[in-house]
>>> print(open('coords-v6.txt').read())   # compact mmCIF, C-alpha atoms
# COMPACT_ATOMS: atom_id res chain seq x y z
CA MET Z 1 69.55 82.61 80.72
CA SER Z 2 69.78 83.80 77.15
CA LEU Z 3 71.43 81.72 74.46
CA LEU Z 4 74.09 84.37 73.88
CA ARG Z 5 74.91 84.55 77.59
CA ARG Z 6 75.17 80.76 77.74
CA TRP Z 7 77.67 80.65 74.86
CA LEU Z 8 79.54 83.79 75.90
CA PRO Z 9 79.44 83.97 79.71
CA TYR Z 10 82.48 86.27 79.69
CA PRO Z 11 82.48 88.13 76.37
CA LEU Z 12 85.33 90.47 77.31
CA LEU Z 13 87.50 87.53 78.37
CA SER Z 14 86.66 85.70 75.13
CA ALA Z 15 87.64 88.72 73.06
CA LEU Z 16 90.84 89.25 75.03
CA LEU Z 17 91.87 85.60 74.67
CA ALA Z 18 91.18 85.69 70.92
CA LEU Z 19 93.20 88.89 70.60
CA ILE Z 20 96.12 87.41 72.55
CA TRP Z 21 96.00 84.37 70.26
CA LEU Z 22 96.22 86.61 67.18
CA VAL Z 23 99.07 88.65 68.62
CA LEU Z 24 101.05 85.55 69.58
CA ASN Z 25 100.56 84.04 66.13
CA GLN Z 26 101.23 87.33 64.33
CA SER Z 27 98.73 86.40 61.65
CA LEU Z 28 95.29 87.47 60.49
CA SER Z 29 94.70 84.48 58.25
CA PRO Z 30 91.10 83.19 58.36
CA ALA Z 31 92.15 79.93 60.03
CA THR Z 32 94.09 81.77 62.77
CA VAL Z 33 91.20 84.18 63.40
CA LEU Z 34 88.69 81.32 63.53
CA LEU Z 35 90.85 79.26 65.87
CA GLY Z 36 91.40 82.32 68.08
CA MET Z 37 87.65 82.91 68.32
CA VAL Z 38 86.97 79.23 69.10
CA LEU Z 39 89.69 79.19 71.76
CA GLY Z 40 88.43 82.47 73.24
CA VAL Z 41 84.88 81.16 73.58
CA ALA Z 42 85.93 77.69 74.81
CA LEU Z 43 88.42 78.93 77.39
CA ALA Z 44 86.01 81.54 78.72
CA ARG Z 45 83.35 78.86 79.13
CA VAL Z 46 85.83 76.64 80.99
CA PHE Z 47 86.67 79.63 83.20
CA GLY Z 48 82.94 80.01 83.88
CA LEU Z 49 82.82 76.42 85.18
CA LEU Z 50 85.12 77.49 88.01
CA HIS Z 51 82.42 79.87 89.32
CA PRO Z 52 84.93 82.54 90.31
CA PRO Z 53 83.74 85.09 92.85
CA LYS Z 54 83.45 88.59 91.46
CA ALA Z 55 86.15 91.09 92.32
CA ARG Z 56 84.83 94.18 94.06
CA ILE Z 57 86.85 97.20 93.06
CA ARG Z 58 85.97 100.01 95.43
CA ASN Z 59 88.07 102.86 94.05
CA TYR Z 60 88.52 103.07 90.26
CA PRO Z 61 90.39 106.41 90.21
CA LEU Z 62 92.93 105.04 92.67
CA ALA Z 63 93.28 101.89 90.53
CA ALA Z 64 94.08 104.09 87.52
CA ARG Z 65 96.69 106.04 89.53
CA LEU Z 66 98.21 102.78 90.76
CA LEU Z 67 98.45 101.53 87.17
CA LEU Z 68 100.34 104.67 86.15
CA ARG Z 69 102.63 104.32 89.17
CA VAL Z 70 103.37 100.69 88.29
CA VAL Z 71 104.14 101.54 84.65
CA TYR Z 72 106.50 104.31 85.83
CA ASP Z 73 108.18 101.95 88.32
CA ILE Z 74 108.63 99.25 85.67
CA VAL Z 75 110.30 101.69 83.27
CA ARG Z 76 112.51 103.07 86.05
CA SER Z 77 113.45 99.56 87.21
CA ASN Z 78 114.39 98.55 83.67
CA PHE Z 79 116.98 101.32 83.62
CA ALA Z 80 118.22 100.45 87.12
CA VAL Z 81 118.66 96.77 86.23
CA ALA Z 82 120.41 97.71 82.98
CA ARG Z 83 122.84 99.89 84.96
CA LEU Z 84 123.53 97.01 87.37
CA ILE Z 85 124.23 94.62 84.53
CA LEU Z 86 126.42 97.03 82.61
CA ARG Z 87 128.58 97.99 85.59
CA GLY Z 88 129.29 94.36 86.44
CA ALA Z 89 127.78 91.59 88.52
CA GLY Z 90 130.42 91.82 91.26
CA GLN Z 91 128.70 94.79 92.88
CA VAL Z 92 125.21 93.29 93.11
CA HIS Z 93 123.99 92.21 96.55
CA SER Z 94 120.80 90.25 96.02
CA GLY Z 95 118.69 88.86 98.82
CA PHE Z 96 115.30 87.96 100.20
CA VAL Z 97 112.94 90.29 102.03
CA ALA Z 98 110.03 89.16 104.23
CA ILE Z 99 107.23 91.72 104.13
CA PRO Z 100 104.36 91.61 106.64
CA LEU Z 101 101.09 92.45 104.88
CA ALA Z 102 97.70 93.76 105.94
CA LEU Z 103 96.23 92.87 102.53
CA THR Z 104 94.24 89.62 102.55
CA ASP Z 105 91.91 89.98 99.54
CA ARG Z 106 92.76 87.32 96.95
CA TYR Z 107 92.42 89.75 94.04
CA GLY Z 108 94.55 92.35 95.78
CA LEU Z 109 97.22 89.74 96.45
CA ALA Z 110 97.07 88.60 92.81
CA VAL Z 111 97.55 92.18 91.62
CA LEU Z 112 100.41 92.66 94.07
CA ALA Z 113 102.03 89.47 92.73
CA CYS Z 114 101.73 90.80 89.17
CA ILE Z 115 103.19 94.17 90.16
CA ILE Z 116 106.18 92.70 91.98
CA THR Z 117 106.93 90.03 89.40
CA SER Z 118 106.62 92.37 86.41
CA THR Z 119 108.96 94.94 87.95
CA PRO Z 120 112.53 94.11 86.89
CA GLY Z 121 114.82 93.31 89.79
CA THR Z 122 112.12 91.84 92.03
CA ILE Z 123 110.15 88.62 92.09
CA TRP Z 124 107.40 87.21 94.30
CA VAL Z 125 108.86 84.09 95.91
CA SER Z 126 106.21 82.91 98.34
CA TYR Z 127 103.29 83.99 100.46
CA ASP Z 128 102.46 82.56 103.88
CA PRO Z 129 98.70 83.05 104.36
CA ALA Z 130 98.79 81.98 108.01
CA ALA Z 131 101.32 84.67 108.96
CA ASN Z 132 100.26 87.00 106.08
CA VAL Z 133 103.92 87.45 105.12
CA LEU Z 134 105.20 87.89 101.58
CA LEU Z 135 108.70 86.80 100.61
CA ILE Z 136 110.30 88.56 97.65
CA HIS Z 137 113.72 88.37 96.06
CA VAL Z 138 115.45 91.64 95.26
CA LEU Z 139 118.30 91.79 92.74
CA ASP Z 140 120.08 94.72 94.38
CA LEU Z 141 119.19 94.62 98.07
CA VAL Z 142 120.77 97.57 99.86
CA ASP Z 143 118.29 98.23 102.68
CA GLU Z 144 115.64 95.69 103.67
CA ALA Z 145 113.57 98.24 105.62
CA THR Z 146 113.35 100.48 102.56
CA TRP Z 147 111.95 97.63 100.49
CA ILE Z 148 109.39 96.75 103.16
CA GLY Z 149 108.25 100.36 103.36
CA THR Z 150 108.17 100.74 99.58
CA ILE Z 151 106.00 97.67 99.00
CA GLN Z 152 103.67 98.53 101.86
CA GLN Z 153 103.28 102.22 101.00
CA ARG Z 154 103.47 102.30 97.18
CA TYR Z 155 101.51 99.13 96.42
CA GLU Z 156 99.81 97.52 99.42
CA ARG Z 157 98.16 100.67 100.80
CA PRO Z 158 96.42 101.53 97.47
CA LEU Z 159 95.45 97.89 96.96
CA LEU Z 160 93.84 97.87 100.40
CA GLU Z 161 91.71 100.87 99.40
CA ILE Z 162 90.88 99.34 96.02
CA PHE Z 163 89.92 95.82 97.14
CA GLN Z 164 89.16 95.75 100.88
>>> encode(input="coords-v6.txt", output="structure tokens")
Amino acid sequence: MSLLRRWLPYPLLSALLALIWLVLNQSLSPATVLLGMVLGVALARVFGLLHPPKARIRNYPLAARLLLRVVYDIVRSNFAVARLILRGAGQVHSGFVAIPLALTDRYGLAVLACIITSTPGTIWVSYDPAANVLLIHVLDLVDEATWIGTIQQRYERPLLEIFQ
């Protein structure tokens, strides 16, 4: 194993962590840059100690299309939540939806969790691995079956093709 690979087992992760540090601190002072680089290297090395299994992405074009779909859905949901808030909280019917899943890949489930949680109006509440059922909370729950179909068709189906 080369010296560089030993110090930087995940160079992209190190760079990303350093960049996030700089953005959060909103500074390019030498001390902030140095600390960001040290944290990036150190945290990536700690991550390497976990020996994470590699994700196997099987369909990159579909992953790109899913990303665009998620960005579109997030923007659309922001407007929908704003409308709900502006028209008054008395008309909101929130609730929980149990969604049976076919997806079992840990990376696919992690991406699904990120998608659901980052979309305004929905949040990942729990996942039962034994029953393979996801529980989400929906801010404006009108039709439970529509939500089940939406999650399964718009997100789970592509994730199955990408990861499994």
>>> closest_residue(input="coords-v6.txt", among="Z:Tyr127, Z:Tyr72, Z:Trp7, Z:Trp21", to="Leu101 (chain Z)", atoms="all atoms listed in the file")
Z:Tyr127
>>> closest_residue(input="coords-v6.txt", among="Z:Leu16, Z:Ile136, Z:Leu84, Z:Leu62", to="Leu160 (chain Z)", atoms="only C-alpha atoms")
Z:Leu62
>>> residues_near_point(input="coords-v6.txt", point="(97.3, 91.8, 95.4)", cutoff="9 Å", atoms="all atoms listed in the file", output="ChimeraX atom specification")
/Z:103-115,155-156,159-160,163
>>> closest_residue(input="coords-v6.txt", among="Z:Ala18, Z:Val70, Z:Leu141, Z:Val133", to="Ser94 (chain Z)", atoms="only C-alpha atoms")
Z:Leu141
>>> residues_near_point(input="coords-v6.txt", point="(86.0, 92.7, 92.8)", cutoff="9 Å", atoms="only C-alpha atoms", output="CSV table (one decimal) with C-alpha atoms, keeping the file's coordinate frame")
chain,number,residue,atom,x,y,z
Z,53,PRO,CA,83.7,85.1,92.8
Z,54,LYS,CA,83.4,88.6,91.5
Z,55,ALA,CA,86.2,91.1,92.3
Z,56,ARG,CA,84.8,94.2,94.1
Z,57,ILE,CA,86.8,97.2,93.1
Z,58,ARG,CA,86.0,100.0,95.4
Z,107,TYR,CA,92.4,89.8,94.0
Z,162,ILE,CA,90.9,99.3,96.0
Z,163,PHE,CA,89.9,95.8,97.1
>>> residues_around(input="coords-v6.txt", residues="region 40-52 of chain Z", least_positions_apart="2", cutoff="9 Å", atoms="all atoms listed in the file", output="number ranges by chain")
Z: 6-11, 13-19, 21, 35-38, 54-55
>>> axis_aligned_box(input="coords-v6.txt", around="region 1-18 of chain Z", padding_each_side="5 Å", output="AutoDock Vina command-line options")
--center_x 80.7 --center_y 85.6 --center_z 75.8 --size_x 32.3 --size_y 19.8 --size_z 19.8
>>> decode(input="coords-v6.txt", residues="region 57-90 of chain Z", atoms="N, CA, C and O atoms", output="PDB file, in the first residue's frame")
ATOM      1  N   ILE Z  57     -23.247   0.526  -7.861  1.00  0.00           N
ATOM      2  CA  ILE Z  57     -24.250   1.220  -8.651  1.00  0.00           C
ATOM      3  C   ILE Z  57     -24.276   0.560 -10.020  1.00  0.00           C
ATOM      4  O   ILE Z  57     -23.266   0.495 -10.706  1.00  0.00           O
ATOM      5  N   ARG Z  58     -25.434   0.066 -10.399  1.00  0.00           N
ATOM      6  CA  ARG Z  58     -25.551  -0.706 -11.624  1.00  0.00           C
ATOM      7  C   ARG Z  58     -26.061   0.107 -12.820  1.00  0.00           C
ATOM      8  O   ARG Z  58     -25.957  -0.345 -13.951  1.00  0.00           O
ATOM      9  N   ASN Z  59     -26.612   1.287 -12.563  1.00  0.00           N
ATOM     10  CA  ASN Z  59     -27.203   2.055 -13.654  1.00  0.00           C
ATOM     11  C   ASN Z  59     -26.988   3.552 -13.395  1.00  0.00           C
ATOM     12  O   ASN Z  59     -27.830   4.210 -12.796  1.00  0.00           O
ATOM     13  N   TYR Z  60     -25.875   4.090 -13.876  1.00  0.00           N
ATOM     14  CA  TYR Z  60     -25.542   5.495 -13.659  1.00  0.00           C
ATOM     15  C   TYR Z  60     -26.501   6.458 -14.367  1.00  0.00           C
ATOM     16  O   TYR Z  60     -26.893   7.474 -13.776  1.00  0.00           O
ATOM     17  N   PRO Z  61     -26.902   6.190 -15.612  1.00  0.00           N
ATOM     18  CA  PRO Z  61     -27.856   7.108 -16.253  1.00  0.00           C
ATOM     19  C   PRO Z  61     -29.182   7.204 -15.488  1.00  0.00           C
ATOM     20  O   PRO Z  61     -29.751   8.287 -15.356  1.00  0.00           O
ATOM     21  N   LEU Z  62     -29.654   6.084 -14.981  1.00  0.00           N
ATOM     22  CA  LEU Z  62     -30.881   6.107 -14.194  1.00  0.00           C
ATOM     23  C   LEU Z  62     -30.668   6.878 -12.891  1.00  0.00           C
ATOM     24  O   LEU Z  62     -31.557   7.598 -12.436  1.00  0.00           O
ATOM     25  N   ALA Z  63     -29.503   6.751 -12.281  1.00  0.00           N
ATOM     26  CA  ALA Z  63     -29.196   7.506 -11.060  1.00  0.00           C
ATOM     27  C   ALA Z  63     -29.232   9.009 -11.339  1.00  0.00           C
ATOM     28  O   ALA Z  63     -29.750   9.785 -10.524  1.00  0.00           O
ATOM     29  N   ALA Z  64     -28.720   9.420 -12.482  1.00  0.00           N
ATOM     30  CA  ALA Z  64     -28.755  10.836 -12.852  1.00  0.00           C
ATOM     31  C   ALA Z  64     -30.193  11.308 -13.059  1.00  0.00           C
ATOM     32  O   ALA Z  64     -30.574  12.404 -12.606  1.00  0.00           O
ATOM     33  N   ARG Z  65     -31.022  10.496 -13.728  1.00  0.00           N
ATOM     34  CA  ARG Z  65     -32.427  10.855 -13.924  1.00  0.00           C
ATOM     35  C   ARG Z  65     -33.171  10.918 -12.593  1.00  0.00           C
ATOM     36  O   ARG Z  65     -34.009  11.799 -12.389  1.00  0.00           O
ATOM     37  N   LEU Z  66     -32.854   9.998 -11.688  1.00  0.00           N
ATOM     38  CA  LEU Z  66     -33.484  10.013 -10.370  1.00  0.00           C
ATOM     39  C   LEU Z  66     -33.094  11.283  -9.613  1.00  0.00           C
ATOM     40  O   LEU Z  66     -33.938  11.895  -8.952  1.00  0.00           O
ATOM     41  N   LEU Z  67     -31.845  11.685  -9.710  1.00  0.00           N
ATOM     42  CA  LEU Z  67     -31.404  12.915  -9.051  1.00  0.00           C
ATOM     43  C   LEU Z  67     -32.200  14.110  -9.568  1.00  0.00           C
ATOM     44  O   LEU Z  67     -32.667  14.939  -8.776  1.00  0.00           O
ATOM     45  N   LEU Z  68     -32.374  14.208 -10.871  1.00  0.00           N
ATOM     46  CA  LEU Z  68     -33.154  15.313 -11.437  1.00  0.00           C
ATOM     47  C   LEU Z  68     -34.605  15.256 -10.972  1.00  0.00           C
ATOM     48  O   LEU Z  68     -35.214  16.285 -10.661  1.00  0.00           O
ATOM     49  N   ARG Z  69     -35.163  14.063 -10.912  1.00  0.00           N
ATOM     50  CA  ARG Z  69     -36.542  13.898 -10.437  1.00  0.00           C
ATOM     51  C   ARG Z  69     -36.667  14.350  -8.982  1.00  0.00           C
ATOM     52  O   ARG Z  69     -37.624  15.041  -8.626  1.00  0.00           O
ATOM     53  N   VAL Z  70     -35.692  13.989  -8.165  1.00  0.00           N
ATOM     54  CA  VAL Z  70     -35.729  14.358  -6.744  1.00  0.00           C
ATOM     55  C   VAL Z  70     -35.616  15.871  -6.586  1.00  0.00           C
ATOM     56  O   VAL Z  70     -36.350  16.474  -5.790  1.00  0.00           O
ATOM     57  N   VAL Z  71     -34.715  16.503  -7.333  1.00  0.00           N
ATOM     58  CA  VAL Z  71     -34.579  17.957  -7.257  1.00  0.00           C
ATOM     59  C   VAL Z  71     -35.897  18.626  -7.657  1.00  0.00           C
ATOM     60  O   VAL Z  71     -36.370  19.553  -6.985  1.00  0.00           O
ATOM     61  N   TYR Z  72     -36.506  18.151  -8.737  1.00  0.00           N
ATOM     62  CA  TYR Z  72     -37.804  18.683  -9.169  1.00  0.00           C
ATOM     63  C   TYR Z  72     -38.854  18.498  -8.075  1.00  0.00           C
ATOM     64  O   TYR Z  72     -39.615  19.429  -7.762  1.00  0.00           O
ATOM     65  N   ASP Z  73     -38.914  17.310  -7.478  1.00  0.00           N
ATOM     66  CA  ASP Z  73     -39.904  17.036  -6.434  1.00  0.00           C
ATOM     67  C   ASP Z  73     -39.677  17.898  -5.196  1.00  0.00           C
ATOM     68  O   ASP Z  73     -40.638  18.328  -4.548  1.00  0.00           O
ATOM     69  N   ILE Z  74     -38.430  18.155  -4.861  1.00  0.00           N
ATOM     70  CA  ILE Z  74     -38.129  18.999  -3.698  1.00  0.00           C
ATOM     71  C   ILE Z  74     -38.607  20.428  -3.946  1.00  0.00           C
ATOM     72  O   ILE Z  74     -39.237  21.048  -3.079  1.00  0.00           O
ATOM     73  N   VAL Z  75     -38.333  20.956  -5.128  1.00  0.00           N
ATOM     74  CA  VAL Z  75     -38.782  22.312  -5.460  1.00  0.00           C
ATOM     75  C   VAL Z  75     -40.308  22.379  -5.446  1.00  0.00           C
ATOM     76  O   VAL Z  75     -40.906  23.286  -4.850  1.00  0.00           O
ATOM     77  N   ARG Z  76     -40.945  21.410  -6.080  1.00  0.00           N
ATOM     78  CA  ARG Z  76     -42.408  21.371  -6.124  1.00  0.00           C
ATOM     79  C   ARG Z  76     -43.004  21.256  -4.719  1.00  0.00           C
ATOM     80  O   ARG Z  76     -43.987  21.931  -4.386  1.00  0.00           O
ATOM     81  N   SER Z  77     -42.400  20.425  -3.876  1.00  0.00           N
ATOM     82  CA  SER Z  77     -42.897  20.246  -2.512  1.00  0.00           C
ATOM     83  C   SER Z  77     -42.717  21.497  -1.669  1.00  0.00           C
ATOM     84  O   SER Z  77     -43.532  21.778  -0.787  1.00  0.00           O
ATOM     85  N   ASN Z  78     -41.651  22.249  -1.922  1.00  0.00           N
ATOM     86  CA  ASN Z  78     -41.467  23.515  -1.205  1.00  0.00           C
ATOM     87  C   ASN Z  78     -42.652  24.441  -1.455  1.00  0.00           C
ATOM     88  O   ASN Z  78     -43.176  25.060  -0.528  1.00  0.00           O
ATOM     89  N   PHE Z  79     -43.069  24.539  -2.708  1.00  0.00           N
ATOM     90  CA  PHE Z  79     -44.214  25.388  -3.027  1.00  0.00           C
ATOM     91  C   PHE Z  79     -45.500  24.844  -2.410  1.00  0.00           C
ATOM     92  O   PHE Z  79     -46.330  25.605  -1.909  1.00  0.00           O
ATOM     93  N   ALA Z  80     -45.679  23.537  -2.432  1.00  0.00           N
ATOM     94  CA  ALA Z  80     -46.890  22.940  -1.863  1.00  0.00           C
ATOM     95  C   ALA Z  80     -46.965  23.167  -0.357  1.00  0.00           C
ATOM     96  O   ALA Z  80     -48.032  23.514   0.171  1.00  0.00           O
ATOM     97  N   VAL Z  81     -45.841  23.011   0.332  1.00  0.00           N
ATOM     98  CA  VAL Z  81     -45.819  23.238   1.783  1.00  0.00           C
ATOM     99  C   VAL Z  81     -46.047  24.719   2.086  1.00  0.00           C
ATOM    100  O   VAL Z  81     -46.775  25.067   3.021  1.00  0.00           O
ATOM    101  N   ALA Z  82     -45.467  25.603   1.285  1.00  0.00           N
ATOM    102  CA  ALA Z  82     -45.688  27.033   1.485  1.00  0.00           C
ATOM    103  C   ALA Z  82     -47.164  27.375   1.331  1.00  0.00           C
ATOM    104  O   ALA Z  82     -47.721  28.154   2.123  1.00  0.00           O
ATOM    105  N   ARG Z  83     -47.819  26.797   0.320  1.00  0.00           N
ATOM    106  CA  ARG Z  83     -49.261  27.024   0.139  1.00  0.00           C
ATOM    107  C   ARG Z  83     -50.051  26.543   1.354  1.00  0.00           C
ATOM    108  O   ARG Z  83     -50.973  27.209   1.817  1.00  0.00           O
ATOM    109  N   LEU Z  84     -49.694  25.364   1.874  1.00  0.00           N
ATOM    110  CA  LEU Z  84     -50.392  24.836   3.059  1.00  0.00           C
ATOM    111  C   LEU Z  84     -50.244  25.770   4.252  1.00  0.00           C
ATOM    112  O   LEU Z  84     -51.197  26.028   4.984  1.00  0.00           O
ATOM    113  N   ILE Z  85     -49.044  26.265   4.443  1.00  0.00           N
ATOM    114  CA  ILE Z  85     -48.791  27.138   5.589  1.00  0.00           C
ATOM    115  C   ILE Z  85     -49.517  28.466   5.429  1.00  0.00           C
ATOM    116  O   ILE Z  85     -50.118  28.973   6.378  1.00  0.00           O
ATOM    117  N   LEU Z  86     -49.490  29.012   4.234  1.00  0.00           N
ATOM    118  CA  LEU Z  86     -50.106  30.315   4.006  1.00  0.00           C
ATOM    119  C   LEU Z  86     -51.629  30.276   4.059  1.00  0.00           C
ATOM    120  O   LEU Z  86     -52.262  31.255   4.453  1.00  0.00           O
ATOM    121  N   ARG Z  87     -52.243  29.156   3.695  1.00  0.00           N
ATOM    122  CA  ARG Z  87     -53.706  29.104   3.728  1.00  0.00           C
ATOM    123  C   ARG Z  87     -54.240  28.748   5.107  1.00  0.00           C
ATOM    124  O   ARG Z  87     -55.431  28.806   5.339  1.00  0.00           O
ATOM    125  N   GLY Z  88     -53.370  28.366   6.022  1.00  0.00           N
ATOM    126  CA  GLY Z  88     -53.818  28.099   7.381  1.00  0.00           C
ATOM    127  C   GLY Z  88     -53.673  26.653   7.768  1.00  0.00           C
ATOM    128  O   GLY Z  88     -53.878  25.755   6.965  1.00  0.00           O
ATOM    129  N   ALA Z  89     -53.317  26.420   9.027  1.00  0.00           N
ATOM    130  CA  ALA Z  89     -53.043  25.071   9.518  1.00  0.00           C
ATOM    131  C   ALA Z  89     -54.316  24.266   9.768  1.00  0.00           C
ATOM    132  O   ALA Z  89     -54.252  23.064   9.941  1.00  0.00           O
ATOM    133  N   GLY Z  90     -55.465  24.893   9.791  1.00  0.00           N
ATOM    134  CA  GLY Z  90     -56.703  24.180  10.078  1.00  0.00           C
ATOM    135  C   GLY Z  90     -57.102  23.192   8.998  1.00  0.00           C
ATOM    136  O   GLY Z  90     -57.885  22.289   9.236  1.00  0.00           O
TER     137      GLY Z  90
END
